[in-house]
Structures are given as structure tokens and as C-alpha cells.
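> Handing you a structure now.
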Amino acid sequence: MRSVRFKRTIPAGARSAPTFAVAGPDPMRGMLEPRADGDVVVAAKRGPFRVFTAPSSFAKVRLYRPVNDWGQPLWLPAIGNRDVTGQFWFQVLLSDRPNGSTGWLRARDVDTSTLQDRIVVLLHEHTLIRYRGGEPIARYRVAVGKASTPTTPGRFFVWARVGYADRDGPYGDFALGLSGFSRVITEWAGGGRMAIHGTADPSVAGRDVSNGCVRVFNPLMSKLIDVPMGATVIVRP
């Protein structure tokens, strides 16, 4: 997988990516199918915001920027919560290495929202399924990583939404940058971050040909443009 070198077509204003990673429980464990009541996501009310290693004001903390490299507000999936002596906390999935890194945010410091959209990629079947409200609304045949640069399974989220002027370029006309990274590529720009992105070549559908990204034929990728920031993306073997 080649890391997506997002062009600044929407919106401009690059920022430094966060670097703090808290190794948490495997977010794939006990993973549920898309639910009718949606997925809770949170975003910092103001930035920089503090991420804790545990639901305690005395835990180790690191400051994060509230936006991605394109100035887009970060929405983080809430994968757990806890009430500690009257103070409510959210456990969130982070967009850092190692994949599956988590941290804790105080509920008073974030805004919350519920998303009805979720994407599931079935690698063995070369299939991308979009869900809304727990129901599948679209199913696309896609290309995935080849044997030497496989697409990494796991639970991720939409970290960036980027359009491209050159629809015949390597990323087609649109990309959903993901929070997860390749297991084998680390030296490319972006550190090997994965994406679901377009392609002008429909013949790659159903094949293992990419450097780890999920390739979707441009006319189909255009139907994923409205998938929101923070939406859960499940990649299954």
C-alpha cells in the first residue's frame, strides 16, 4: 500500500499529525455488526485537547491537535465509557500507530454525535459494504492489497476526506483516509496510512493488486463522498 499523499483540494491548512499512542484492548474483540442506533463519535470542543492513558485526571496525558493534516475536525469513535466518581469518560480509538491505540477523554471536554454510516470491507471476498442505520445500502467489488503489501485487518475510522482534480491519478477522484496503517510499509509519506480511494481502472476490482489501500472504481467511489468523518470502517480478513 502506498500512503495516500493527499492533495490539498479540500480544505487547506495542514497540521501536524498526533503522535501519542496508548496501546489499549483489541478494538476488534467483541466487535458488533452495524447497529440500528448508530456509532457514537466525539470531537474536542476546543484544541489542543488532552488524551489520558486511563480514566483518571492523574493518568499520563498528551496534547492532541483537534484537526487532521488538512484542517478537518477529528471525530473519534467512542468504543467504551466509564463513570469515575461522578466524572464521565469516553474511551476512544486513536489515529496512531500501533493500530488499535486508544485513549480516554473527559466527556465535559468533547461534543458528541451519532453516526448512522459504517463501512465493512471483506478482504477475502473483495467486497466493500456500506451500512446505514444497521442496514446494508450498497455493495461494491473492490481491489485490495497484494501478498507483499496486504491490506491490514482491523477496526478503523475515517480520518480524512480528500478530493482530487485528476480522476485518472493514482487515487482517483476521492479518498477516505483511514486511521489505520500498513503493517509492512512505514517509510512512505504519512507513515503508511491506509485509505479507501478511487481508481480509473475498473479491471482491478476483485484482485489483490494494491499497496494496501482499498481501490474503488471512480463512479462507485463518488457515492462514498458523503461518508462522514469518524465513521467506523471494519476491515475483515
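Chain labels follow the order of the C-alpha cells: the first chain is A, the next B, and so on; residue numbering restarts at 1 in every chain, and ligands are counted from 1 in their shown order.
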Using only C-alpha atoms, determine which residues lie at most 10 Å from Ala147 of chain A, disregarding the query and same-chain residues fewer than 2 positions distant; provide the list as a PDB file with N, CA and C atoms, in the first residue's frame.


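As written to disk, around18.pdb reads:
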ATOM      1  N   VAL A 144      -7.875  -5.010  -3.340  1.00  0.00           N
ATOM      2  CA  VAL A 144      -7.223  -4.906  -2.035  1.00  0.00           C
ATOM      3  C   VAL A 144      -5.722  -5.167  -2.196  1.00  0.00           C
ATOM      4  N   GLY A 145      -5.003  -5.191  -1.063  1.00  0.00           N
ATOM      5  CA  GLY A 145      -3.557  -5.305  -1.101  1.00  0.00           C
ATOM      6  C   GLY A 145      -3.065  -6.641  -1.633  1.00  0.00           C
ATOM      7  N   THR A 149       2.174  -6.583   0.243  1.00  0.00           N
ATOM      8  CA  THR A 149       1.704  -5.367   0.930  1.00  0.00           C
ATOM      9  C   THR A 149       0.208  -5.502   1.206  1.00  0.00           C
ATOM     10  N   PRO A 150      -0.161  -6.400   2.105  1.00  0.00           N
ATOM     11  CA  PRO A 150      -1.589  -6.688   2.322  1.00  0.00           C
ATOM     12  C   PRO A 150      -2.322  -5.542   3.009  1.00  0.00           C
ATOM     13  N   THR A 151      -3.612  -5.496   2.770  1.00  0.00           N
ATOM     14  CA  THR A 151      -4.470  -4.572   3.496  1.00  0.00           C
ATOM     15  C   THR A 151      -4.607  -5.071   4.931  1.00  0.00           C
ATOM     16  N   ASP A 208      -6.034  -8.731  -5.963  1.00  0.00           N
ATOM     17  CA  ASP A 208      -5.070  -8.327  -4.937  1.00  0.00           C
ATOM     18  C   ASP A 208      -3.932  -7.602  -5.644  1.00  0.00           C
ATOM     19  N   VAL A 209      -4.046  -6.284  -5.768  1.00  0.00           N
ATOM     20  CA  VAL A 209      -3.084  -5.551  -6.596  1.00  0.00           C
ATOM     21  C   VAL A 209      -2.522  -4.291  -5.933  1.00  0.00           C
ATOM     22  N   SER A 210      -3.110  -3.850  -4.836  1.00  0.00           N
ATOM     23  CA  SER A 210      -2.717  -2.556  -4.283  1.00  0.00           C
ATOM     24  C   SER A 210      -1.564  -2.688  -3.297  1.00  0.00           C
ATOM     25  N   ASN A 211      -1.078  -1.530  -2.849  1.00  0.00           N
ATOM     26  CA  ASN A 211      -0.053  -1.479  -1.818  1.00  0.00           C
ATOM     27  C   ASN A 211      -0.659  -1.484  -0.416  1.00  0.00           C
ATOM     28  N   GLY A 212      -1.928  -1.853  -0.330  1.00  0.00           N
ATOM     29  CA  GLY A 212      -2.600  -1.964   0.964  1.00  0.00           C
ATOM     30  C   GLY A 212      -3.883  -1.178   1.057  1.00  0.00           C
TER      31      GLY A 212
END

> Which residues come within 10 Å of Val214 of chain A, counting only C-alpha atoms, excluding same-chain residues fewer than 6 positions away, as a list in words?

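Counting only C-alpha atoms, the residues come to Met1, Val121, Leu123, His126, Thr127, Leu128, Val142, Ala143, Val144, Gly145, Thr151, Ala175, Leu176, Met194, Ala195, Ile196, His197, Gly198, Thr199, Ala205, Asp208 and Val235 of chain A.
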
> Which neighbours of segment 76-92 of chain A fall inside 6 Å, counting only C-alpha atoms, when residues of the same chain fewer than 3 positions from it are skipped, and could you give them as a ChimeraX atom specification?

/A:40-42,102-107,230

> Just want the 9 Å neighbourhood of Gly38 of chain A, counted on only C-alpha atoms, with same-chain residues fewer than 5 positions away dropped. Output as a PyMOL selection string.

chain A and resi 114-118+132-134

> Please save all heavy atoms of the selected residues as a CSV table (one decimal), in the first residue's frame.


chain,number,residue,atom,x,y,z
A,114,THR,N,-23.9,11.0,16.8
A,114,THR,CA,-24.2,9.6,16.5
A,114,THR,C,-24.2,9.5,15.0
A,114,THR,O,-25.0,10.2,14.3
A,114,THR,CB,-25.5,9.1,17.1
A,114,THR,OG1,-25.4,9.2,18.5
A,114,THR,CG2,-25.7,7.6,16.8
A,115,LEU,N,-23.4,8.6,14.5
A,115,LEU,CA,-23.3,8.3,13.0
A,115,LEU,C,-24.1,7.1,12.6
A,115,LEU,O,-23.9,6.0,13.3
A,115,LEU,CB,-21.8,8.2,12.6
A,115,LEU,CG,-20.9,9.4,12.9
A,115,LEU,CD1,-19.6,9.2,12.3
A,115,LEU,CD2,-21.5,10.7,12.3
A,116,GLN,N,-24.8,7.2,11.6
A,116,GLN,CA,-25.5,6.0,11.1
A,116,GLN,C,-24.8,5.2,10.0
A,116,GLN,O,-25.2,4.1,9.6
A,116,GLN,CB,-26.9,6.5,10.5
A,116,GLN,CG,-27.8,7.1,11.5
A,116,GLN,CD,-28.2,6.2,12.7
A,116,GLN,OE1,-28.4,5.0,12.5
A,116,GLN,NE2,-28.2,6.7,13.9
A,117,ASP,N,-23.7,5.8,9.5
A,117,ASP,CA,-22.9,5.2,8.4
A,117,ASP,C,-21.8,4.4,8.9
A,117,ASP,O,-21.1,4.8,9.9
A,117,ASP,CB,-22.4,6.2,7.5
A,117,ASP,CG,-23.5,6.9,6.6
A,117,ASP,OD1,-23.8,6.3,5.6
A,117,ASP,OD2,-24.0,7.9,7.0
A,118,ARG,N,-21.5,3.2,8.3
A,118,ARG,CA,-20.4,2.4,8.7
A,118,ARG,C,-20.0,1.6,7.4
A,118,ARG,O,-20.8,1.3,6.6
A,118,ARG,CB,-20.8,1.4,9.8
A,118,ARG,CG,-19.6,0.4,10.1
A,118,ARG,CD,-20.1,-0.6,11.2
A,118,ARG,NE,-20.0,0.0,12.5
A,118,ARG,CZ,-19.7,-0.8,13.6
A,118,ARG,NH1,-19.5,-2.1,13.5
A,118,ARG,NH2,-19.7,-0.2,14.8
A,132,ARG,N,-26.1,1.8,6.6
A,132,ARG,CA,-26.7,3.0,7.2
A,132,ARG,C,-27.8,2.5,8.1
A,132,ARG,O,-28.7,1.8,7.7
A,132,ARG,CB,-27.2,3.9,6.2
A,132,ARG,CG,-27.9,5.2,6.8
A,132,ARG,CD,-28.2,6.2,5.7
A,132,ARG,NE,-27.1,6.7,5.0
A,132,ARG,CZ,-27.0,7.2,3.8
A,132,ARG,NH1,-28.2,7.1,3.0
A,132,ARG,NH2,-25.9,7.6,3.2
A,133,GLY,N,-27.8,2.9,9.4
A,133,GLY,CA,-28.8,2.5,10.3
A,133,GLY,C,-28.8,1.0,10.5
A,133,GLY,O,-29.9,0.5,10.8
A,134,GLY,N,-27.7,0.4,10.4
A,134,GLY,CA,-27.6,-1.1,10.6
A,134,GLY,C,-28.0,-1.9,9.4
A,134,GLY,O,-27.9,-3.1,9.5

> One decimal, in Å: what's the spacing between atom CA of Met229 of chain A and atom CA of Val120 of chain A?

15.4 Å

> Residues at most 8 Å from Phe49 of chain A, counting only C-alpha atoms, excluding those fewer than 5 positions away in the same chain, as a PyMOL selection string?

chain A and resi 44+63-66+109

> Between atom CA of Arg215 of chain A and atom CA of Gly100 of chain A, what is the spacing in Å?

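Atom-to-atom, atom CA of Gly100 of chain A and atom CA of Arg215 of chain A are spaced 22.8 Å apart.
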
> Give me the residues near Arg62 of chain A as a PyMOL selection string, where near means some atom within 9 Å (using only C-alpha atoms) and where sequence neighbours in that chain fewer than 5 positions away do not count.

chain A and resi 20+49-53

> Take the residues just selected and output them with N, CA, C and O atoms as a tab-separated table (two decimals), in the first residue's frame.


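Ended up saving to part-v1.tsv:
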chain	number	residue	atom	x	y	z
A	20	PHE	N	0.84	10.57	19.90
A	20	PHE	CA	0.66	9.83	21.15
A	20	PHE	C	-0.19	8.59	20.90
A	20	PHE	O	-1.24	8.68	20.28
A	49	PHE	N	-6.42	19.33	22.67
A	49	PHE	CA	-7.18	18.63	23.71
A	49	PHE	C	-6.31	17.55	24.34
A	49	PHE	O	-5.34	17.09	23.76
A	50	ARG	N	-6.70	17.13	25.53
A	50	ARG	CA	-5.90	16.18	26.29
A	50	ARG	C	-6.45	14.76	26.18
A	50	ARG	O	-7.64	14.55	26.32
A	51	VAL	N	-5.55	13.84	25.91
A	51	VAL	CA	-5.87	12.41	25.87
A	51	VAL	C	-5.14	11.74	27.02
A	51	VAL	O	-3.92	11.91	27.18
A	52	PHE	N	-5.88	10.97	27.83
A	52	PHE	CA	-5.32	10.32	29.01
A	52	PHE	C	-5.14	8.83	28.75
A	52	PHE	O	-5.87	8.22	27.98
A	53	THR	N	-4.16	8.24	29.45
A	53	THR	CA	-3.93	6.80	29.31
A	53	THR	C	-4.93	5.97	30.09
A	53	THR	O	-5.03	4.76	29.88

> Which is closer to His124 of chain A than all the others in A:Gly154, A:Gly190, A:Pro237, A:Gly172, using only C-alpha atoms?

A:Pro237

> Closest to Ile137 of chain A among A:Arg108, A:Ile119, A:Glu187, A:Ile225, using only C-alpha atoms?

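Checking each of A:Arg108, A:Ile119, A:Glu187, A:Ile225 against Ile137 of chain A, counting only C-alpha atoms, the winner is A:Ile119.
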